[in-house]
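Source file: work18.cif (mmCIF, C-alpha atoms)
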data_query
#
loop_
_atom_site.label_atom_id
_atom_site.label_comp_id
_atom_site.auth_asym_id
_atom_site.auth_seq_id
_atom_site.Cartn_x
_atom_site.Cartn_y
_atom_site.Cartn_z
CA MET A 51 -108.22 -104.76 -145.56
CA HIS A 52 -111.00 -102.20 -145.16
CA ASP A 53 -114.41 -102.87 -143.69
CA PRO A 54 -116.15 -105.40 -145.91
CA VAL A 55 -119.04 -103.96 -147.94
CA THR A 56 -122.40 -105.01 -146.54
CA GLU A 57 -125.91 -104.99 -147.96
CA LEU A 58 -126.65 -101.92 -145.86
CA ASP A 59 -123.64 -100.19 -147.40
CA ILE A 60 -124.95 -100.93 -150.87
CA GLN A 61 -128.33 -99.59 -149.83
CA ALA A 62 -126.75 -96.47 -148.38
CA TYR A 63 -124.87 -96.08 -151.64
CA LEU A 64 -128.14 -96.27 -153.53
CA ASP A 65 -129.63 -93.64 -151.23
CA GLY A 66 -126.69 -91.27 -151.62
CA GLU A 67 -125.72 -91.46 -147.97
CA LEU A 68 -122.08 -92.50 -148.29
CA ASP A 69 -119.00 -90.34 -148.30
CA LEU A 70 -116.54 -90.60 -151.15
CA PRO A 71 -114.15 -93.18 -149.69
CA ARG A 72 -117.03 -95.51 -148.85
CA ARG A 73 -118.61 -94.96 -152.27
CA LEU A 74 -115.38 -96.11 -153.81
CA ALA A 75 -115.39 -99.25 -151.66
CA VAL A 76 -118.92 -100.11 -152.80
CA GLU A 77 -118.09 -99.44 -156.43
CA ASP A 78 -115.02 -101.66 -156.15
CA HIS A 79 -117.18 -104.38 -154.66
CA LEU A 80 -119.85 -104.16 -157.34
CA ALA A 81 -117.22 -104.08 -160.08
CA GLY A 82 -115.83 -107.36 -158.79
CA ASP A 83 -119.12 -109.13 -158.20
CA PRO A 84 -121.43 -109.37 -161.24
CA ALA A 85 -124.29 -110.93 -159.30
CA ALA A 86 -124.22 -108.12 -156.76
CA ALA A 87 -123.98 -105.58 -159.58
CA ALA A 88 -127.02 -107.09 -161.30
CA ARG A 89 -128.99 -106.98 -158.06
CA TYR A 90 -127.98 -103.36 -157.63
CA MET A 91 -129.20 -102.50 -161.11
CA ALA A 92 -132.48 -104.28 -160.42
CA GLU A 93 -132.89 -102.29 -157.22
CA LEU A 94 -132.22 -99.07 -159.12
CA ARG A 95 -134.85 -99.91 -161.72
CA ALA A 96 -137.42 -100.86 -159.10
CA GLN A 97 -136.83 -97.52 -157.44
CA THR A 98 -137.21 -95.64 -160.70
CA ALA A 99 -140.45 -97.48 -161.36
CA LEU A 100 -141.75 -96.56 -157.94
CA ARG A 101 -140.88 -92.90 -158.49
CA LEU A 102 -142.56 -92.97 -161.86
CA LEU A 103 -145.73 -94.29 -160.32
CA ALA A 104 -145.84 -92.35 -157.11
CA GLU A 105 -145.47 -88.72 -158.14
CA PRO A 106 -148.82 -86.92 -157.94
CA ARG A 107 -149.24 -84.89 -161.07
CA ASP A 108 -152.69 -83.48 -160.54
CA PRO A 109 -152.32 -79.92 -159.27
CA ALA A 110 -152.77 -79.37 -155.58
CA PRO A 111 -156.31 -78.28 -154.65
CA ALA A 112 -156.72 -74.57 -153.96
CA ALA A 113 -157.52 -75.30 -150.33
CA LEU A 114 -154.06 -76.79 -149.84
CA ILE A 115 -152.34 -73.85 -151.50
CA ALA A 116 -154.29 -71.52 -149.27
CA ALA A 117 -153.32 -73.51 -146.19
CA ALA A 118 -149.70 -73.37 -147.30
CA GLY A 119 -149.96 -69.61 -147.65
CA ARG A 120 -151.34 -69.22 -144.16
CA LEU A 121 -148.57 -71.39 -142.79
CA ALA A 122 -145.92 -69.35 -144.59
CA ALA A 123 -147.29 -66.15 -143.11
CA ARG A 124 -147.39 -67.63 -139.63
CA MET A 125 -143.87 -68.92 -139.46
CA ALA A 126 -141.03 -66.91 -138.03
CA PRO A 127 -138.60 -65.62 -140.64
CA PRO A 128 -136.11 -68.24 -141.80
CA PRO A 129 -132.41 -67.63 -141.30
CA ARG A 130 -131.02 -65.78 -144.29
CA PRO A 131 -127.33 -65.53 -145.07
CA LEU A 132 -126.09 -62.46 -143.19
CA ARG A 133 -123.83 -60.09 -145.02
CA HIS A 134 -122.98 -58.11 -141.93
CA ARG A 135 -121.68 -59.06 -138.54
CA THR A 136 -123.86 -58.48 -135.57
CA PHE A 137 -123.22 -55.40 -133.57
CA GLY A 138 -124.81 -54.62 -130.27
CA GLY A 139 -126.80 -57.82 -130.50
CA MET A 140 -128.50 -56.84 -133.70
CA ALA A 141 -127.82 -58.17 -137.15
CA VAL A 142 -128.48 -56.16 -140.25
CA GLY A 143 -129.12 -58.67 -142.94
CA GLY A 144 -128.73 -58.38 -146.67
CA LEU A 145 -131.76 -57.35 -148.62
CA ALA A 146 -133.87 -59.49 -150.84
CA ALA A 147 -135.47 -57.86 -153.85
CA ILE A 148 -137.57 -55.25 -152.13
CA ALA A 149 -139.26 -54.04 -155.26
CA ALA A 150 -141.48 -57.08 -155.59
CA THR A 151 -142.86 -56.74 -152.09
CA LEU A 152 -143.54 -53.04 -151.92
CA LEU A 153 -146.92 -51.46 -151.84
CA VAL A 154 -146.31 -47.90 -152.71
CA PHE A 155 -148.40 -45.19 -151.15
CA VAL A 156 -148.69 -42.62 -153.84
CA VAL A 157 -147.67 -39.16 -152.83
CA PRO A 158 -149.38 -36.81 -155.25
CA GLY A 159 -147.08 -35.44 -157.90
CA VAL A 160 -144.32 -37.97 -157.35
CA SER A 161 -143.87 -41.22 -159.20
CA PRO A 162 -141.65 -43.38 -157.01
CA ALA A 163 -139.04 -45.78 -158.22
CA ALA A 164 -137.78 -48.62 -156.02
CA PRO A 165 -136.43 -47.20 -152.76
CA PRO A 166 -132.70 -47.29 -152.05
CA SER A 167 -131.41 -50.35 -150.28
CA TYR A 168 -130.98 -48.81 -146.84
CA VAL A 169 -134.77 -48.51 -146.51
CA GLY A 170 -135.17 -52.27 -146.06
CA ASP A 171 -132.44 -52.27 -143.42
CA ALA A 172 -134.16 -49.39 -141.71
CA VAL A 173 -137.50 -51.17 -141.47
CA MET A 174 -135.87 -54.28 -140.11
CA ALA A 175 -133.97 -52.26 -137.55
CA TYR A 176 -137.27 -50.70 -136.50
CA ARG A 177 -138.79 -54.09 -135.84
CA THR A 178 -135.81 -55.14 -133.80
CA GLY A 179 -136.04 -51.92 -131.88
CA LEU A 180 -139.65 -52.69 -131.00
CA LEU A 181 -138.59 -56.10 -129.76
CA ARG A 182 -135.83 -54.67 -127.65
CA ALA A 183 -138.27 -52.23 -126.12
CA GLU A 184 -140.55 -55.08 -125.13
CA LEU A 185 -137.70 -56.94 -123.53
CA ARG A 186 -136.45 -54.01 -121.56
CA SER A 187 -137.51 -53.84 -117.96
CA GLN A 188 -140.37 -51.51 -117.11
CA LEU A 189 -138.32 -49.82 -114.46
CA GLU A 190 -135.46 -48.88 -116.69
CA SER A 191 -136.02 -45.62 -118.50
CA PRO A 192 -132.82 -44.61 -120.16
CA HIS A 193 -132.30 -41.02 -121.04
CA PHE A 194 -130.71 -40.37 -124.37
CA ASP A 195 -129.27 -37.08 -125.40
CA ALA A 196 -129.48 -36.46 -129.12
CA GLY A 197 -126.65 -33.94 -129.13
CA GLU A 198 -124.36 -36.34 -127.35
CA ILE A 199 -125.25 -39.13 -129.73
CA GLN A 200 -124.28 -36.93 -132.60
CA ARG A 201 -121.06 -35.84 -131.01
CA SER A 202 -119.96 -39.39 -130.43
CA THR A 203 -121.14 -40.91 -133.71
CA HIS A 204 -120.71 -37.98 -136.09
CA ILE A 205 -124.02 -38.91 -137.65
CA ARG A 206 -126.23 -35.91 -138.14
CA VAL A 207 -129.62 -36.49 -136.65
CA PRO A 208 -132.73 -34.52 -137.57
CA ARG A 209 -133.92 -32.08 -134.97
CA LEU A 210 -136.76 -33.84 -133.23
CA PRO A 211 -140.11 -32.24 -132.43
CA ARG A 212 -140.79 -31.24 -128.87
CA GLY A 213 -142.00 -34.14 -126.81
CA TRP A 214 -140.43 -36.84 -128.94
CA GLN A 215 -138.53 -38.98 -126.48
CA ILE A 216 -135.57 -41.08 -127.54
CA THR A 217 -135.96 -44.47 -125.88
CA ASP A 218 -133.10 -46.32 -127.50
CA ALA A 219 -130.13 -45.67 -129.72
CA GLN A 220 -128.27 -48.29 -131.71
CA ILE A 221 -125.35 -48.11 -134.07
CA PHE A 222 -124.77 -50.89 -136.53
CA PRO A 223 -122.83 -51.50 -139.67
CA SER A 224 -124.63 -51.46 -142.98
CA ASP A 225 -123.58 -51.60 -146.58
CA GLU A 226 -123.37 -47.84 -146.64
CA GLY A 227 -121.36 -47.51 -143.47
CA PRO A 228 -122.29 -46.98 -139.82
CA ALA A 229 -125.98 -46.32 -139.38
CA LEU A 230 -127.79 -44.91 -136.41
CA GLN A 231 -131.24 -45.84 -135.24
CA LEU A 232 -133.13 -43.88 -132.63
CA MET A 233 -136.25 -45.44 -131.19
CA ILE A 234 -138.76 -42.71 -130.45
CA ARG A 235 -141.84 -42.47 -128.34
CA THR A 236 -144.13 -39.64 -129.33
CA PRO A 237 -146.30 -37.76 -126.82
CA ALA A 238 -149.24 -39.74 -128.21
CA GLY A 239 -147.45 -42.95 -127.18
CA LYS A 240 -146.55 -44.09 -130.70
CA ASN A 241 -143.33 -45.99 -131.31
CA LEU A 242 -141.36 -44.71 -134.26
CA SER A 243 -137.79 -44.95 -135.33
CA VAL A 244 -135.46 -42.55 -137.03
CA PHE A 245 -132.79 -44.20 -139.11
CA ALA A 246 -129.82 -42.21 -140.32
CA VAL A 247 -126.94 -43.29 -142.49
CA ARG A 248 -124.22 -41.35 -144.21
CA ALA A 249 -124.98 -42.23 -147.80
CA ARG A 250 -125.66 -40.29 -150.93
CA SER A 251 -128.55 -42.55 -151.73
CA ALA A 252 -131.18 -42.13 -154.41
CA ALA A 253 -133.71 -41.08 -151.78
CA PRO A 254 -135.57 -37.92 -152.75
CA ARG A 255 -135.07 -34.59 -150.99
CA SER A 256 -138.75 -34.40 -150.21
CA PRO A 257 -139.86 -37.39 -148.13
CA LEU A 258 -141.56 -40.26 -149.86
CA ALA A 259 -143.81 -42.54 -147.83
CA MET A 260 -144.75 -46.13 -148.46
CA ARG A 261 -145.65 -49.45 -146.90
CA HIS A 262 -142.88 -51.98 -146.60
CA ASP A 263 -142.95 -55.31 -144.83
CA ASN A 264 -146.02 -54.42 -142.74
CA ALA A 265 -144.64 -51.11 -141.57
CA SER A 266 -144.83 -47.58 -142.94
CA VAL A 267 -141.66 -45.79 -143.90
CA ALA A 268 -140.92 -42.30 -145.07
CA TYR A 269 -137.47 -41.73 -146.49
CA TRP A 270 -135.50 -38.77 -147.73
CA ARG A 271 -132.04 -37.48 -148.28
CA ALA A 272 -130.35 -34.32 -147.07
CA GLY A 273 -126.93 -33.76 -148.56
CA ASP A 274 -124.74 -36.72 -147.77
CA MET A 275 -127.15 -38.09 -145.15
CA SER A 276 -130.05 -40.43 -145.90
CA TYR A 277 -132.91 -40.84 -143.46
CA ALA A 278 -135.95 -42.97 -142.83
CA LEU A 279 -138.81 -42.51 -140.41
CA ILE A 280 -140.64 -45.71 -139.60
CA GLY A 281 -143.76 -46.55 -137.70
CA MET A 282 -146.93 -48.56 -137.68
CA GLU A 283 -149.23 -45.64 -138.56
CA ALA A 284 -150.57 -45.03 -142.01
CA PRO A 285 -147.99 -43.69 -144.44
CA GLU A 286 -149.78 -40.36 -144.65
CA ALA A 287 -149.14 -39.62 -140.99
CA LEU A 288 -145.48 -40.52 -141.30
CA ASP A 289 -145.21 -38.49 -144.45
CA LEU A 290 -146.30 -35.41 -142.56
CA ALA A 291 -143.95 -36.03 -139.67
CA ALA A 292 -141.09 -36.67 -142.06
CA GLU A 293 -141.81 -33.41 -143.88
CA ASN A 294 -141.37 -31.63 -140.58
CA LEU A 295 -138.14 -33.43 -139.84
CA ALA A 296 -136.79 -32.72 -143.27
CA THR A 297 -137.50 -29.02 -143.04
CA GLU A 298 -136.43 -28.55 -139.44
CA GLY A 299 -132.85 -29.38 -140.24
CA VAL A 300 -130.38 -31.17 -138.09
CA PHE A 301 -128.70 -30.71 -134.77
CA MET B 30 -135.91 -59.61 -143.62
CA THR B 31 -139.04 -61.11 -145.06
CA SER B 32 -141.15 -63.94 -143.80
CA TRP B 33 -141.49 -67.29 -145.53
CA LYS B 34 -142.84 -67.16 -149.04
CA THR B 35 -145.84 -69.32 -149.85
CA SER B 36 -143.74 -71.04 -152.51
CA GLU B 37 -141.32 -72.25 -149.86
CA ILE B 38 -144.17 -74.26 -148.40
CA THR B 39 -146.02 -75.19 -151.61
CA GLN B 40 -142.82 -76.62 -153.10
CA HIS B 41 -143.25 -79.48 -150.63
CA LEU B 42 -146.90 -80.11 -151.51
CA PRO B 43 -146.30 -82.72 -154.26
CA ALA B 44 -144.08 -84.79 -151.96
CA LEU B 45 -146.47 -84.39 -149.02
CA ARG B 46 -149.44 -85.40 -151.15
CA GLY B 47 -147.53 -88.35 -152.58
CA TYR B 48 -146.49 -89.52 -149.15
CA ALA B 49 -150.02 -89.09 -147.85
CA ARG B 50 -151.27 -91.25 -150.72
CA ALA B 51 -148.69 -93.93 -149.98
CA LEU B 52 -149.91 -93.96 -146.39
CA THR B 53 -153.66 -93.73 -146.87
CA ARG B 54 -153.92 -95.29 -150.34
CA ASN B 55 -156.91 -93.03 -150.98
CA GLU B 56 -156.69 -89.74 -152.89
CA ALA B 57 -159.33 -87.83 -150.96
CA ALA B 58 -158.08 -89.06 -147.60
CA ALA B 59 -154.56 -88.13 -148.64
CA ASP B 60 -155.45 -84.52 -149.41
CA ASP B 61 -157.43 -84.28 -146.18
CA LEU B 62 -154.40 -85.55 -144.33
CA VAL B 63 -152.17 -82.93 -145.93
CA GLN B 64 -154.70 -80.22 -145.12
CA ASP B 65 -154.81 -81.34 -141.49
CA ALA B 66 -151.03 -81.46 -141.37
CA LEU B 67 -150.72 -77.89 -142.66
CA LEU B 68 -153.25 -76.78 -140.08
CA ARG B 69 -151.42 -78.60 -137.31
CA ALA B 70 -148.15 -77.02 -138.51
CA TYR B 71 -149.84 -73.62 -138.36
CA GLU B 72 -150.92 -74.26 -134.78
CA ARG B 73 -147.43 -75.39 -133.84
CA ALA B 74 -145.45 -72.92 -135.89
CA GLU B 75 -143.40 -71.84 -132.88
CA THR B 76 -142.09 -75.37 -132.43
CA TYR B 77 -140.28 -75.30 -135.75
CA ARG B 78 -136.56 -74.79 -135.27
CA PRO B 79 -134.83 -73.12 -138.24
CA ASP B 80 -131.81 -75.40 -137.89
CA ARG B 81 -133.98 -78.34 -138.81
CA SER B 82 -135.17 -79.33 -142.26
CA LEU B 83 -138.58 -77.84 -142.96
CA ARG B 84 -139.73 -80.82 -144.93
CA SER B 85 -138.82 -83.34 -142.25
CA TRP B 86 -140.84 -81.21 -139.81
CA LEU B 87 -143.83 -81.20 -142.16
CA PHE B 88 -143.50 -84.91 -142.91
CA ALA B 89 -143.28 -85.68 -139.19
CA ILE B 90 -146.48 -83.77 -138.50
CA LEU B 91 -148.23 -85.56 -141.34
CA HIS B 92 -147.01 -88.98 -140.24
CA ASN B 93 -148.11 -88.41 -136.64
CA LEU B 94 -151.55 -87.36 -137.78
CA PHE B 95 -151.78 -90.49 -139.91
CA VAL B 96 -150.81 -92.72 -136.99
CA ASP B 97 -153.32 -90.96 -134.70
CA GLY B 98 -156.03 -91.38 -137.32
CA ARG B 99 -155.21 -95.02 -137.88
CA ARG B 100 -155.40 -95.61 -134.14
CA ARG B 101 -158.87 -94.12 -134.22
CA GLY B 102 -159.79 -96.41 -137.07
CA ALA B 103 -160.11 -93.56 -139.58
CA SER B 104 -158.62 -95.45 -142.50
CA GLU B 105 -160.96 -98.37 -142.07
CA GLU B 106 -163.94 -96.08 -142.54
CA ARG B 107 -162.74 -94.90 -145.91
CA GLY B 108 -161.28 -98.04 -147.35
CA HIS B 109 -158.80 -97.86 -150.11
CA ALA B 110 -158.74 -98.70 -153.77
CA GLY B 111 -155.17 -99.86 -153.56
CA LEU B 112 -152.25 -98.06 -155.03
CA ALA B 113 -152.55 -99.96 -158.30
CA GLY B 114 -155.88 -98.18 -158.74
CA LEU B 115 -154.39 -94.81 -157.86
CA TRP B 116 -151.55 -95.29 -160.26
CA ALA B 117 -153.46 -96.86 -163.13
CA ASP B 118 -153.05 -93.94 -165.52
CA ARG B 119 -149.32 -93.80 -164.91
CA MET B 120 -149.05 -97.48 -165.72
CA ALA B 121 -151.02 -97.04 -168.90
CA GLU B 122 -148.74 -94.21 -169.99
CA ALA B 123 -145.64 -96.27 -169.45
CA GLY B 124 -146.59 -98.49 -172.35
CA GLN B 125 -147.44 -102.10 -172.94
CA GLU B 126 -144.10 -103.64 -172.11
CA HIS B 127 -143.80 -102.02 -168.71
CA ALA B 128 -147.43 -102.11 -167.64
CA VAL B 129 -147.35 -105.55 -166.08
CA ALA B 130 -144.11 -104.98 -164.22
CA LEU B 131 -145.30 -101.67 -162.87
CA ALA B 132 -148.53 -103.31 -161.72
CA GLU B 133 -146.42 -105.86 -159.89
CA ILE B 134 -144.45 -103.20 -158.10
CA ALA B 135 -147.59 -101.28 -157.23
CA ALA B 136 -149.22 -104.37 -155.76
CA ARG B 137 -146.18 -105.32 -153.72
CA PHE B 138 -145.68 -101.80 -152.45
CA ASP B 139 -149.34 -101.70 -151.50
CA ALA B 140 -148.95 -104.97 -149.59
CA LEU B 141 -146.08 -103.73 -147.44
CA PRO B 142 -146.73 -103.13 -143.76
CA ASP B 143 -147.50 -99.44 -143.07
CA GLU B 144 -144.15 -98.64 -141.47
CA GLN B 145 -142.15 -100.20 -144.31
CA ARG B 146 -144.26 -98.47 -146.92
CA ALA B 147 -143.76 -95.17 -145.11
CA VAL B 148 -140.00 -95.41 -144.93
CA LEU B 149 -139.62 -96.66 -148.48
CA ASP B 150 -141.77 -93.82 -149.80
CA LEU B 151 -139.93 -91.18 -147.77
CA VAL B 152 -136.45 -92.25 -148.80
CA ALA B 153 -136.73 -93.99 -152.15
CA VAL B 154 -139.48 -91.85 -153.67
CA ARG B 155 -139.56 -88.49 -151.86
CA GLY B 156 -135.77 -88.37 -151.55
CA LEU B 157 -135.51 -87.61 -147.86
CA THR B 158 -132.14 -88.27 -146.30
CA TYR B 159 -131.84 -90.96 -143.64
CA GLN B 160 -131.66 -88.25 -141.00
CA GLU B 161 -134.76 -86.48 -142.32
CA ALA B 162 -136.63 -89.78 -142.45
CA ALA B 163 -135.48 -90.56 -138.91
CA ASP B 164 -136.82 -87.19 -137.76
CA ALA B 165 -140.04 -87.60 -139.69
CA LEU B 166 -140.75 -91.06 -138.30
CA ASP B 167 -139.24 -90.36 -134.87
CA ALA B 168 -137.01 -93.42 -135.13
CA PRO B 169 -133.24 -93.96 -134.93
CA ILE B 170 -131.32 -93.97 -138.21
CA GLY B 171 -130.43 -97.65 -137.71
CA THR B 172 -134.11 -98.50 -137.60
CA ILE B 173 -134.72 -96.50 -140.76
CA MET B 174 -131.99 -98.39 -142.58
CA SER B 175 -133.12 -101.84 -141.50
CA ARG B 176 -136.78 -101.07 -142.19
CA LEU B 177 -135.80 -99.80 -145.63
CA SER B 178 -133.80 -102.93 -146.30
CA ARG B 179 -136.70 -105.17 -145.31
CA ALA B 180 -139.10 -103.19 -147.49
CA ARG B 181 -136.85 -103.52 -150.52
CA ALA B 182 -136.27 -107.19 -149.84
CA ALA B 183 -140.03 -107.72 -149.65
CA LEU B 184 -140.48 -106.05 -153.02
CA ARG B 185 -137.75 -108.19 -154.55
CA ALA B 186 -138.91 -111.47 -153.03
CA HIS B 187 -142.45 -111.13 -154.33
CA MET B 188 -141.23 -110.29 -157.74
CA VAL B 189 -138.96 -113.31 -157.84
CA SER B 190 -141.84 -115.60 -156.87
CA ALA B 191 -144.09 -113.97 -159.49
CA LYS B 192 -141.48 -114.67 -162.11
CA THR B 193 -141.13 -118.33 -161.25
CA GLU B 194 -144.91 -118.74 -161.29
CA ALA B 195 -145.43 -117.03 -164.63
CA GLY B 196 -142.52 -118.63 -166.36
CA GLY B 197 -140.77 -116.69 -169.05
CA THR B 198 -143.68 -114.62 -170.35
CA LEU B 199 -143.78 -112.16 -167.46
CA ARG B 200 -141.20 -109.42 -167.61
CA ILE B 201 -140.11 -108.51 -164.13
CA ILE B 202 -138.15 -105.51 -163.02
CA GLY B 203 -135.70 -106.49 -160.33
CA GLY B 204 -135.39 -109.68 -158.37
CA LYS B 205 -133.12 -111.39 -160.87
CA ASP B 206 -130.62 -113.53 -159.04
CA ALA B 207 -127.86 -114.89 -161.21
#

As structure tokens, please, write out the structure in this file.
Amino acid sequence: MHDPVTELDIQAYLDGELDLPRRLAVEDHLAGDPAAAARYMAELRAQTALRLLAEPRDPAPAALIAAAGRLAARMAPPPRPLRHRTFGGMAVGGLAAIAATLLVFVVPGVSPAAPPSYVGDAVMAYRTGLLRAELRSQLESPHFDAGEIQRSTHIRVPRLPRGWQITDAQIFPSDEGPALQLMIRTPAGKNLSVFAVRARSAAPRSPLAMRHDNASVAYWRAGDMSYALIGMEAPEALDLAAENLATEGVF
Amino acid sequence: MTSWKTSEITQHLPALRGYARALTRNEAAADDLVQDALLRAYERAETYRPDRSLRSWLFAILHNLFVDGRRRGASEERGHAGLAGLWADRMAEAGQEHAVALAEIAARFDALPDEQRAVLDLVAVRGLTYQEAADALDAPIGTIMSRLSRARAALRAHMVSAKTEAGGTLRIIGGKDA
């Protein structure tokens, strides 16, 4: 004989806490005991009555909504389902609908549509790159060679302006294939990133700059390569730098 | 990757406000309690672990604030109208035949000890799982279950006694023993 059904079991059944085999045991018990079944029904009705009474239906005061908004902004990003495996300690997540969250910086003469999907990945990779830079020891100053990176990854990287120092290089998988991110420090001490992926995206040939997720990003396409330049400066400044990169050509 | 949306927090506001009302039995005090809880959550945002249910974290913060306030005598200052008062419009809506029974339930729920009222509201009304309620009240699951059982028994017992006093004219929900 199985474990006898107790009052706590019946309560757990009411509260949806039992697994299927135990649910069956309770249902068997109630089916064979009309008094217990009647008590169960009474309990169910009392609970329904309580729910009916206890649900606040007046709208939440604005002050509470505002407090909720501040809390949402303060909390670290929740785990999202990852579509890609991590590589080199960094995960490139799937993208939510970017369009709703974009503030587009209008470049005169161009009316922008939603950016291609790699742009969201690129901005996220930038943020992670900033984090990695913070974690890295002060003493360590790795020296990256752009030509060598290209030779080993076969990803064509834009020719960088004089004085732009590559402080980190990461490869990771993305929807479009392997993508390369170079973290850059400019002579003025700004942290930027250059993101390159082999993809015939819908990015324009002439760079388009916008705000995305609290960063600025300029993105463009050259042939079968798509690029993004990301930083914390205003989009206008990035736009200019991206123009230079786009016209300078690649290594 | 984007941060939390406001809606992911505001979706819990009705349950938080309802729970706060069950605890404080005063509408204004309840909303103040929720406001304080959201502020406390803001201050302690780093303590939230993503593997844990957000709502049990929020409910825990709210419950702790309530207990702290009660210790300071905060609820005595405000007094409470009783849940029957708070829920009067809902009872009226439910119609003539249910009004009395609902008033009974409201009164008995109101009369429960704080800890029983808290656990019954969390599980039976707000739909938290036993584990979430255990986290929110910082108690073992066994305690949650026994407290819940006592709360429900208290509701039933009072209703049975009300029935025997009123004779056949009072329609009672629950408490019928064959």

Evaluate the PyMOL selection byres ((chain B) within 8 of (chain A)) and report residues as JSON, numbers by chain: {"B": [30, 31, 32, 33, 34, 35, 37, 38, 39, 42, 43, 44, 46, 47, 51, 60, 63, 64, 67, 68, 70, 71, 74, 75, 79, 116, 119, 120, 131, 134, 135, 152, 153, 154, 158, 159, 174, 175, 178, 181, 202, 203, 204, 205, 206, 207]}

Residues returned when the PyMOL selection byres ((chain B and resi 92) around 10) runs on this file, as number ranges by chain: B: 45, 48-49, 52, 62-63, 66, 86-91, 93-98, 147, 165-167

Keeping only C-alpha atoms, write those residues as a PDB file, keeping the file's coordinate frame.
ATOM      1  CA  LEU B  45    -146.470 -84.390-149.020  1.00  0.00           C
ATOM      2  CA  TYR B  48    -146.490 -89.520-149.150  1.00  0.00           C
ATOM      3  CA  ALA B  49    -150.020 -89.090-147.850  1.00  0.00           C
ATOM      4  CA  LEU B  52    -149.910 -93.960-146.390  1.00  0.00           C
ATOM      5  CA  LEU B  62    -154.400 -85.550-144.330  1.00  0.00           C
ATOM      6  CA  VAL B  63    -152.170 -82.930-145.930  1.00  0.00           C
ATOM      7  CA  ALA B  66    -151.030 -81.460-141.370  1.00  0.00           C
ATOM      8  CA  TRP B  86    -140.840 -81.210-139.810  1.00  0.00           C
ATOM      9  CA  LEU B  87    -143.830 -81.200-142.160  1.00  0.00           C
ATOM     10  CA  PHE B  88    -143.500 -84.910-142.910  1.00  0.00           C
ATOM     11  CA  ALA B  89    -143.280 -85.680-139.190  1.00  0.00           C
ATOM     12  CA  ILE B  90    -146.480 -83.770-138.500  1.00  0.00           C
ATOM     13  CA  LEU B  91    -148.230 -85.560-141.340  1.00  0.00           C
ATOM     14  CA  ASN B  93    -148.110 -88.410-136.640  1.00  0.00           C
ATOM     15  CA  LEU B  94    -151.550 -87.360-137.780  1.00  0.00           C
ATOM     16  CA  PHE B  95    -151.780 -90.490-139.910  1.00  0.00           C
ATOM     17  CA  VAL B  96    -150.810 -92.720-136.990  1.00  0.00           C
ATOM     18  CA  ASP B  97    -153.320 -90.960-134.700  1.00  0.00           C
ATOM     19  CA  GLY B  98    -156.030 -91.380-137.320  1.00  0.00           C
ATOM     20  CA  ALA B 147    -143.760 -95.170-145.110  1.00  0.00           C
ATOM     21  CA  ALA B 165    -140.040 -87.600-139.690  1.00  0.00           C
ATOM     22  CA  LEU B 166    -140.750 -91.060-138.300  1.00  0.00           C
ATOM     23  CA  ASP B 167    -139.240 -90.360-134.870  1.00  0.00           C
TER      24      ASP B 167
END

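Across A:Ala112, A:Arg255, A:Leu242, A:Val267, the tightest approach to A:Ile216 is made by A:Leu242 when counting all atoms listed in the file.
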
Extending 6 Å beyond the listed atoms of stretch 173-177 of chain B on each side, what axis-aligned box results? I want centre and edge lengths in Å to one decimal, as lines of an AutoDock Vina configuration file.
center_x = -134.4
center_y = -99.2
center_z = -143.2
size_x = 16.8
size_y = 17.3
size_z = 16.9

Residue with smallest distance to A:Ala229 - pool A:Ile205, A:Pro166, A:Ala259, A:Gln200, counting all atoms listed in the file: A:Ile205

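Proximity to A:Ala87 was assessed for A:Ala238, A:Asn294, A:Ile60, A:Gly281 counting only C-alpha atoms; the smallest distance is recorded for A:Ile60.
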
Å distance separating atom CA of A:Ala278 from atom CA of A:Thr178, one decimal place: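 The value is 15.2 Å.
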
Point-to-point distance in Å for atom CA of A:Phe222 and atom CA of A:Tyr277: 14.7 Å

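For the residues B:Gly171, B:Arg100, B:Arg69, B:Leu112, ranking by smallest atom-to-atom distance to B:Glu133 using only C-alpha atoms places B:Leu112 first.
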
For B:Arg50: contacts at 6 Å, only C-alpha atoms, fewer than 4 positions along chain excluded, given as number ranges by chain: B: 54-55, 59

Between atom CA of A:Ile280 and atom CA of A:Tyr176 - distance in Å to one decimal: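 So the two atoms, atom CA of A:Tyr176 and atom CA of A:Ile280, lie 6.8 Å apart.
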
Among listed residues A:Ala292, A:Ala246, A:Ala219, A:Ser167, nearest A:Glu198 (using all atoms listed in the file): A:Ala219

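Using all atoms listed in the file, the nearest neighbour of B:Leu115 within the list B:Glu161, B:Gly156, B:Arg185, B:Ala136 is B:Ala136.
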